[in-house]
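See below for work_5.tsv, which holds TSV, C-alpha atoms.
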chain	number	residue	atom	x	y	z
A	1	MET	CA	69.63	100.31	114.91
A	2	THR	CA	68.90	99.09	111.40
A	3	SER	CA	68.44	101.72	108.72
A	4	GLU	CA	65.04	101.58	107.00
A	5	SER	CA	66.84	101.58	103.68
A	6	CYS	CA	70.38	101.24	102.46
A	7	ARG	CA	71.70	101.73	98.95
A	8	LEU	CA	74.91	101.19	97.04
A	9	TYR	CA	77.38	104.05	96.49
A	10	LEU	CA	79.92	103.21	93.77
A	11	ILE	CA	83.37	104.79	93.67
A	12	SER	CA	85.67	104.59	90.68
A	13	PRO	CA	89.07	102.89	90.75
A	14	PRO	CA	91.95	105.36	91.21
A	15	ALA	CA	92.85	105.02	87.51
A	16	ILE	CA	90.69	104.13	84.52
A	17	GLU	CA	90.86	103.68	80.76
A	18	LEU	CA	87.89	105.81	79.82
A	19	SER	CA	86.40	103.96	76.87
A	20	ALA	CA	86.56	100.64	78.71
A	21	PHE	CA	85.30	102.12	81.97
A	22	LYS	CA	82.24	103.65	80.32
A	23	LYS	CA	81.18	100.11	79.46
A	24	GLN	CA	82.01	98.88	82.97
A	25	LEU	CA	79.94	101.62	84.58
A	26	ALA	CA	76.96	100.93	82.36
A	27	GLU	CA	77.32	97.23	83.14
A	28	ALA	CA	77.40	97.97	86.88
A	29	PHE	CA	74.14	99.89	86.65
A	30	SER	CA	72.56	96.99	84.80
A	31	GLY	CA	73.11	94.86	87.90
A	32	GLY	CA	70.56	96.67	90.05
A	33	ASP	CA	70.01	99.63	92.34
A	34	VAL	CA	72.85	102.15	92.64
A	35	ALA	CA	72.28	105.48	94.35
A	36	SER	CA	75.41	107.35	93.32
A	37	PHE	CA	78.79	107.18	91.67
A	38	GLN	CA	81.90	109.05	92.76
A	39	LEU	CA	84.72	109.81	90.33
A	40	ARG	CA	87.90	109.39	92.35
A	41	LEU	CA	90.92	109.56	90.04
A	42	LYS	CA	94.03	110.15	92.09
A	43	ASP	CA	96.87	110.87	89.64
A	44	ALA	CA	95.01	112.13	86.57
A	45	SER	CA	95.23	115.66	85.20
A	46	ASP	CA	92.37	118.12	85.56
A	47	ALA	CA	91.75	117.81	81.84
A	48	ASP	CA	91.50	114.02	81.98
A	49	ILE	CA	89.23	114.11	85.04
A	50	LEU	CA	86.88	116.60	83.41
A	51	LYS	CA	86.89	114.55	80.20
A	52	ALA	CA	85.96	111.47	82.22
A	53	ALA	CA	83.21	113.37	84.01
A	54	GLU	CA	81.75	114.55	80.72
A	55	ALA	CA	81.58	110.95	79.50
A	56	LEU	CA	80.32	109.37	82.72
A	57	ILE	CA	77.73	111.87	83.95
A	58	PRO	CA	75.17	110.96	81.25
A	59	ILE	CA	75.49	107.27	82.16
A	60	CYS	CA	74.80	108.08	85.81
A	61	HIS	CA	71.84	110.30	85.02
A	62	GLU	CA	70.40	107.72	82.63
A	63	HIS	CA	70.16	105.44	85.67
A	64	ASP	CA	68.95	108.12	88.12
A	65	ALA	CA	72.22	108.05	90.03
A	66	ALA	CA	73.98	111.12	91.42
A	67	PHE	CA	77.42	111.93	90.04
A	68	ILE	CA	79.86	112.97	92.78
A	69	MET	CA	83.27	114.53	92.17
A	70	ASN	CA	86.01	113.66	94.63
A	71	ASP	CA	88.10	116.27	96.46
A	72	ARG	CA	87.65	119.42	94.40
A	73	ALA	CA	84.66	121.75	94.41
A	74	ASP	CA	86.03	123.72	91.46
A	75	ARG	CA	86.08	120.60	89.31
A	76	ALA	CA	82.59	119.67	90.49
A	77	LEU	CA	81.33	123.04	89.33
A	78	LYS	CA	83.12	122.87	85.98
A	79	CYS	CA	81.57	119.52	85.06
A	80	HIS	CA	78.14	120.29	86.57
A	81	ALA	CA	78.41	117.38	89.01
A	82	ASP	CA	75.56	116.63	91.37
A	83	GLY	CA	77.91	116.72	94.31
A	84	VAL	CA	81.42	116.87	95.71
A	85	HIS	CA	83.01	114.63	98.31
A	86	ILE	CA	85.73	116.17	100.44
A	87	GLY	CA	88.34	114.82	102.81
A	88	GLN	CA	89.66	116.51	105.91
A	89	ASP	CA	92.37	118.26	103.88
A	90	ASP	CA	90.15	119.46	101.03
A	91	GLY	CA	88.75	122.66	102.47
A	92	ASP	CA	86.18	124.17	104.79
A	93	ILE	CA	82.61	122.95	104.27
A	94	LYS	CA	81.07	126.38	104.89
A	95	LYS	CA	83.33	127.95	102.25
A	96	ILE	CA	82.65	125.11	99.83
A	97	ARG	CA	78.90	125.52	100.36
A	98	ALA	CA	79.22	129.21	99.52
A	99	GLN	CA	81.21	128.24	96.42
A	100	VAL	CA	78.91	125.53	95.06
A	101	GLY	CA	75.52	126.86	96.14
A	102	LYS	CA	72.69	125.32	98.10
A	103	ASP	CA	71.73	122.59	95.64
A	104	MET	CA	74.99	120.68	95.22
A	105	ILE	CA	75.48	117.65	97.46
A	106	ILE	CA	78.46	117.88	99.82
A	107	GLY	CA	79.80	114.75	101.45
A	108	ALA	CA	82.58	114.62	104.02
A	109	SER	CA	85.00	111.91	105.09
A	110	CYS	CA	84.93	111.60	108.88
A	111	HIS	CA	86.89	108.36	109.34
A	112	ASP	CA	86.43	107.14	112.94
A	113	SER	CA	85.53	110.52	114.43
A	114	ARG	CA	82.18	111.39	115.93
A	115	HIS	CA	83.45	114.93	116.45
A	116	LEU	CA	84.40	115.43	112.79
A	117	ALA	CA	81.03	114.07	111.73
A	118	MET	CA	79.11	116.40	114.05
A	119	VAL	CA	81.10	119.40	112.85
A	120	ALA	CA	80.57	118.41	109.21
A	121	GLY	CA	76.84	118.19	109.79
A	122	GLU	CA	76.70	121.50	111.59
A	123	ASP	CA	78.71	123.14	108.80
A	124	GLY	CA	76.27	122.01	106.11
A	125	ALA	CA	77.37	118.62	104.77
A	126	ASP	CA	74.60	116.55	103.20
A	127	TYR	CA	76.12	113.24	104.28
A	128	VAL	CA	79.10	111.96	106.26
A	129	ALA	CA	81.27	108.94	105.49
A	130	PHE	CA	82.78	106.67	108.12
A	131	GLY	CA	85.60	104.21	107.43
A	132	ALA	CA	87.65	102.37	106.48
A	133	PHE	CA	85.86	99.57	108.31
A	134	TYR	CA	87.98	96.81	106.76
A	135	PRO	CA	91.44	96.61	105.15
A	136	THR	CA	91.31	98.30	101.77
A	137	LYS	CA	93.51	99.02	98.77
A	138	SER	CA	92.32	102.65	98.75
A	139	LYS	CA	93.90	103.51	102.11
A	140	ASN	CA	97.45	102.60	103.09
A	141	PRO	CA	98.36	101.32	106.60
A	142	GLU	CA	99.71	104.73	107.59
A	143	ALA	CA	96.42	106.39	106.77
A	144	MET	CA	94.50	103.65	108.57
A	145	LYS	CA	96.65	104.25	111.65
A	146	LYS	CA	96.27	108.03	111.42
A	147	TRP	CA	92.49	108.10	111.04
A	148	GLY	CA	91.52	104.99	112.97
A	149	VAL	CA	89.36	101.99	112.15
A	150	PRO	CA	85.72	102.45	113.21
A	151	SER	CA	83.40	99.77	114.48
A	152	PRO	CA	79.81	99.41	113.25
A	153	GLU	CA	78.68	101.01	116.51
A	154	ILE	CA	79.58	104.46	115.15
A	155	LEU	CA	76.89	103.98	112.49
A	156	SER	CA	74.32	103.05	115.13
A	157	TRP	CA	75.25	106.06	117.23
A	158	TRP	CA	75.00	108.36	114.21
A	159	SER	CA	71.66	107.04	112.97
A	160	GLU	CA	70.15	107.19	116.46
A	161	ASN	CA	71.24	110.77	117.06
A	162	THR	CA	70.93	112.52	113.70
A	163	LEU	CA	68.85	112.53	110.54
A	164	LEU	CA	71.85	113.16	108.27
A	165	PRO	CA	72.66	110.16	106.05
A	166	CYS	CA	75.87	108.22	106.60
A	167	VAL	CA	78.04	106.21	104.23
A	168	ALA	CA	80.10	103.18	105.27
A	169	ILE	CA	83.31	102.79	103.27
A	170	GLY	CA	86.48	100.76	103.15
A	171	GLY	CA	87.05	97.16	102.11
A	172	ILE	CA	83.34	96.39	101.99
A	173	THR	CA	82.09	93.35	100.07
A	174	PRO	CA	78.75	91.58	99.74
A	175	ALA	CA	80.07	89.05	102.25
A	176	ASN	CA	80.94	91.56	104.99
A	177	CYS	CA	78.47	94.41	104.53
A	178	ALA	CA	75.63	93.03	106.68
A	179	PRO	CA	76.90	94.31	110.06
A	180	LEU	CA	77.23	97.80	108.62
A	181	VAL	CA	73.75	97.73	107.08
A	182	LYS	CA	72.26	96.42	110.31
A	183	ALA	CA	74.09	99.09	112.31
A	184	GLY	CA	72.42	101.86	110.35
A	185	ALA	CA	74.44	102.73	107.24
A	186	ASP	CA	72.31	104.58	104.70
A	187	PHE	CA	74.80	103.84	101.93
A	188	ILE	CA	77.44	101.16	101.37
A	189	ALA	CA	80.40	102.40	99.33
A	190	ALA	CA	82.27	99.95	97.13
A	191	ILE	CA	85.32	100.10	94.90
A	192	THR	CA	87.41	96.94	94.50
A	193	ALA	CA	84.55	94.53	95.25
A	194	VAL	CA	82.72	95.86	92.19
A	195	TRP	CA	85.39	96.68	89.61
A	196	GLU	CA	87.53	93.60	90.34
A	197	HIS	CA	84.66	91.13	90.74
A	198	PRO	CA	85.60	87.95	88.83
A	199	ASP	CA	82.20	87.84	87.11
A	200	GLY	CA	82.06	91.55	86.31
A	201	PRO	CA	80.51	94.63	87.89
A	202	ALA	CA	76.88	93.72	87.17
A	203	ARG	CA	77.20	90.50	89.18
A	204	ALA	CA	78.88	92.47	91.97
A	205	VAL	CA	76.04	95.00	92.13
A	206	GLU	CA	73.51	92.16	92.13
A	207	ALA	CA	75.36	90.52	95.02
A	208	PHE	CA	75.52	93.75	97.02
A	209	ASN	CA	71.82	94.40	96.56
A	210	ARG	CA	70.95	90.87	97.66
A	211	ALA	CA	73.19	91.18	100.72
A	212	ILE	CA	71.73	94.59	101.65
A	213	GLU	CA	68.17	93.31	101.27
A	214	ARG	CA	68.90	90.30	103.49
A	215	ALA	CA	70.50	92.51	106.14
A	216	LEU	CA	67.53	94.86	106.18
A	217	THR	CA	65.06	92.02	106.70
Represent the structure contained in this file as structure tokens.
Amino acid sequence: MTSESCRLYLISPPAIELSAFKKQLAEAFSGGDVASFQLRLKDASDADILKAAEALIPICHEHDAAFIMNDRADRALKCHADGVHIGQDDGDIKKIRAQVGKDMIIGASCHDSRHLAMVAGEDGADYVAFGAFYPTKSKNPEAMKKWGVPSPEILSWWSENTLLPCVAIGGITPANCAPLVKAGADFIAAITAVWEHPDGPARAVEAFNRAIERALT
């Protein structure tokens, strides 16, 4: 089942140099439609993450994109993020909803699990994320083995049975995103394919948008 629309969901590299990355993010937005941006810094201090959020949120909002904080609801609240994305070890969605209020977006990683996705939806998540669909730098082989590698069919099943949006993530490029778009992904998440594109992030976003449009038609 093809989704009626599908948009790009950018995720930051695990480490950034802030002044340079501000320019990269603005360049990415100049390449075309981007629905949201997630700040996912894995080894940075709280202070550095909040400093990055303060600098990057205005760039996102200038381009009508939601700013999502990874992992921590408390940090999302401190920086006035539009949303928080949580993994399976980052807390209970019902408790997080009570913490952040009704208006903040909550996304949940559900890997290759229909059960986790259904529970996340029932508990109040605003979207679920499936993946990694392809080999990716952001998830080591042990994590891939632990959580499983989904097939595009999980996106079709989800879109046919629920109204809650779903994100496809993990090793996705303009060249391999079409099966996921056609299967029903509402959002395609990208990290390496954008920030390490040889011609820069704007060209990567352009390429993703072209590939998504072709897959939808």
- Message: List the spatial neighbours of stretch 112-128 of chain A as number ranges by chain - criterion: any atom at most 12 Å away, only C-alpha atoms, same-chain residues fewer than 4 positions off excluded.
- Response: A: 82-88, 91-98, 100-108, 132-133, 143-159, 161-170, 185-189
Could the residues in this selection be saved with C-alpha atoms as a compact mmCIF listing (two decimals), in the coordinates of the input?
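Below is the file result_13.txt, written as the result:
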# COMPACT_ATOMS: atom_id res chain seq x y z
CA ASP A 82 75.56 116.63 91.37
CA GLY A 83 77.91 116.72 94.31
CA VAL A 84 81.42 116.87 95.71
CA HIS A 85 83.01 114.63 98.31
CA ILE A 86 85.73 116.17 100.44
CA GLY A 87 88.34 114.82 102.81
CA GLN A 88 89.66 116.51 105.91
CA GLY A 91 88.75 122.66 102.47
CA ASP A 92 86.18 124.17 104.79
CA ILE A 93 82.61 122.95 104.27
CA LYS A 94 81.07 126.38 104.89
CA LYS A 95 83.33 127.95 102.25
CA ILE A 96 82.65 125.11 99.83
CA ARG A 97 78.90 125.52 100.36
CA ALA A 98 79.22 129.21 99.52
CA VAL A 100 78.91 125.53 95.06
CA GLY A 101 75.52 126.86 96.14
CA LYS A 102 72.69 125.32 98.10
CA ASP A 103 71.73 122.59 95.64
CA MET A 104 74.99 120.68 95.22
CA ILE A 105 75.48 117.65 97.46
CA ILE A 106 78.46 117.88 99.82
CA GLY A 107 79.80 114.75 101.45
CA ALA A 108 82.58 114.62 104.02
CA ALA A 132 87.65 102.37 106.48
CA PHE A 133 85.86 99.57 108.31
CA ALA A 143 96.42 106.39 106.77
CA MET A 144 94.50 103.65 108.57
CA LYS A 145 96.65 104.25 111.65
CA LYS A 146 96.27 108.03 111.42
CA TRP A 147 92.49 108.10 111.04
CA GLY A 148 91.52 104.99 112.97
CA VAL A 149 89.36 101.99 112.15
CA PRO A 150 85.72 102.45 113.21
CA SER A 151 83.40 99.77 114.48
CA PRO A 152 79.81 99.41 113.25
CA GLU A 153 78.68 101.01 116.51
CA ILE A 154 79.58 104.46 115.15
CA LEU A 155 76.89 103.98 112.49
CA SER A 156 74.32 103.05 115.13
CA TRP A 157 75.25 106.06 117.23
CA TRP A 158 75.00 108.36 114.21
CA SER A 159 71.66 107.04 112.97
CA ASN A 161 71.24 110.77 117.06
CA THR A 162 70.93 112.52 113.70
CA LEU A 163 68.85 112.53 110.54
CA LEU A 164 71.85 113.16 108.27
CA PRO A 165 72.66 110.16 106.05
CA CYS A 166 75.87 108.22 106.60
CA VAL A 167 78.04 106.21 104.23
CA ALA A 168 80.10 103.18 105.27
CA ILE A 169 83.31 102.79 103.27
CA GLY A 170 86.48 100.76 103.15
CA ALA A 185 74.44 102.73 107.24
CA ASP A 186 72.31 104.58 104.70
CA PHE A 187 74.80 103.84 101.93
CA ILE A 188 77.44 101.16 101.37
CA ALA A 189 80.40 102.40 99.33
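The coordinates place atom CA of A:Ala193 at 20.4 Å from atom CA of A:Ile59.
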- Message: Please list as a PyMOL selection string every residue within 10 Å of A:Ala44, counting all atoms listed in the file and excluding residues in the same chain fewer than 6 positions away.
- Response: chain A and resi 14-16+50
- Query: Counting all atoms listed in the file, what is within 12 Å of A:Glu54, bar same-chain residues fewer than 2 positions away, as number ranges by chain?
  - Reply: A: 18, 22, 39, 47-52, 56-61, 67, 69, 75-76, 78-81
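Between atom CA of A:Glu62 and atom CA of A:Ala211 the interatomic distance comes to 24.7 Å.
The interatomic distance for the pair atom CA of A:Ser45 and atom CA of A:Ile191 works out to 20.8 Å.
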- Message: Residues within 9 Å of stretch 25-36 of chain A, please, as a PyMOL selection string. Count only C-alpha atoms; anything in the same chain fewer than 3 positions from it doesn't count.
- Response: chain A and resi 7-12+20-22+56+59-60+63-68+187+194-195+200-207+209
- Item | Polymer residues at most 10 Å from (67.6, 94.1, 103.7) by only C-alpha atoms, as a PyMOL selection string | chain A and resi 2-7+178+181-182+209-217
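Nearest-residue note for A:Arg72: choosing from A:Leu41, A:Pro13, A:Thr173, A:Ala55, the minimum distance belongs to A:Leu41, counting only C-alpha atoms.
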Report as AutoDock Vina command-line options the centre and the edge lengths, in Å to one decimal, of the axis-aligned box holding every listed atom of stretch 46-63 of chain A, padded by 5 Å on each side.
--center_x 81.3 --center_y 111.8 --center_z 82.7 --size_x 32.2 --size_y 22.7 --size_z 16.3
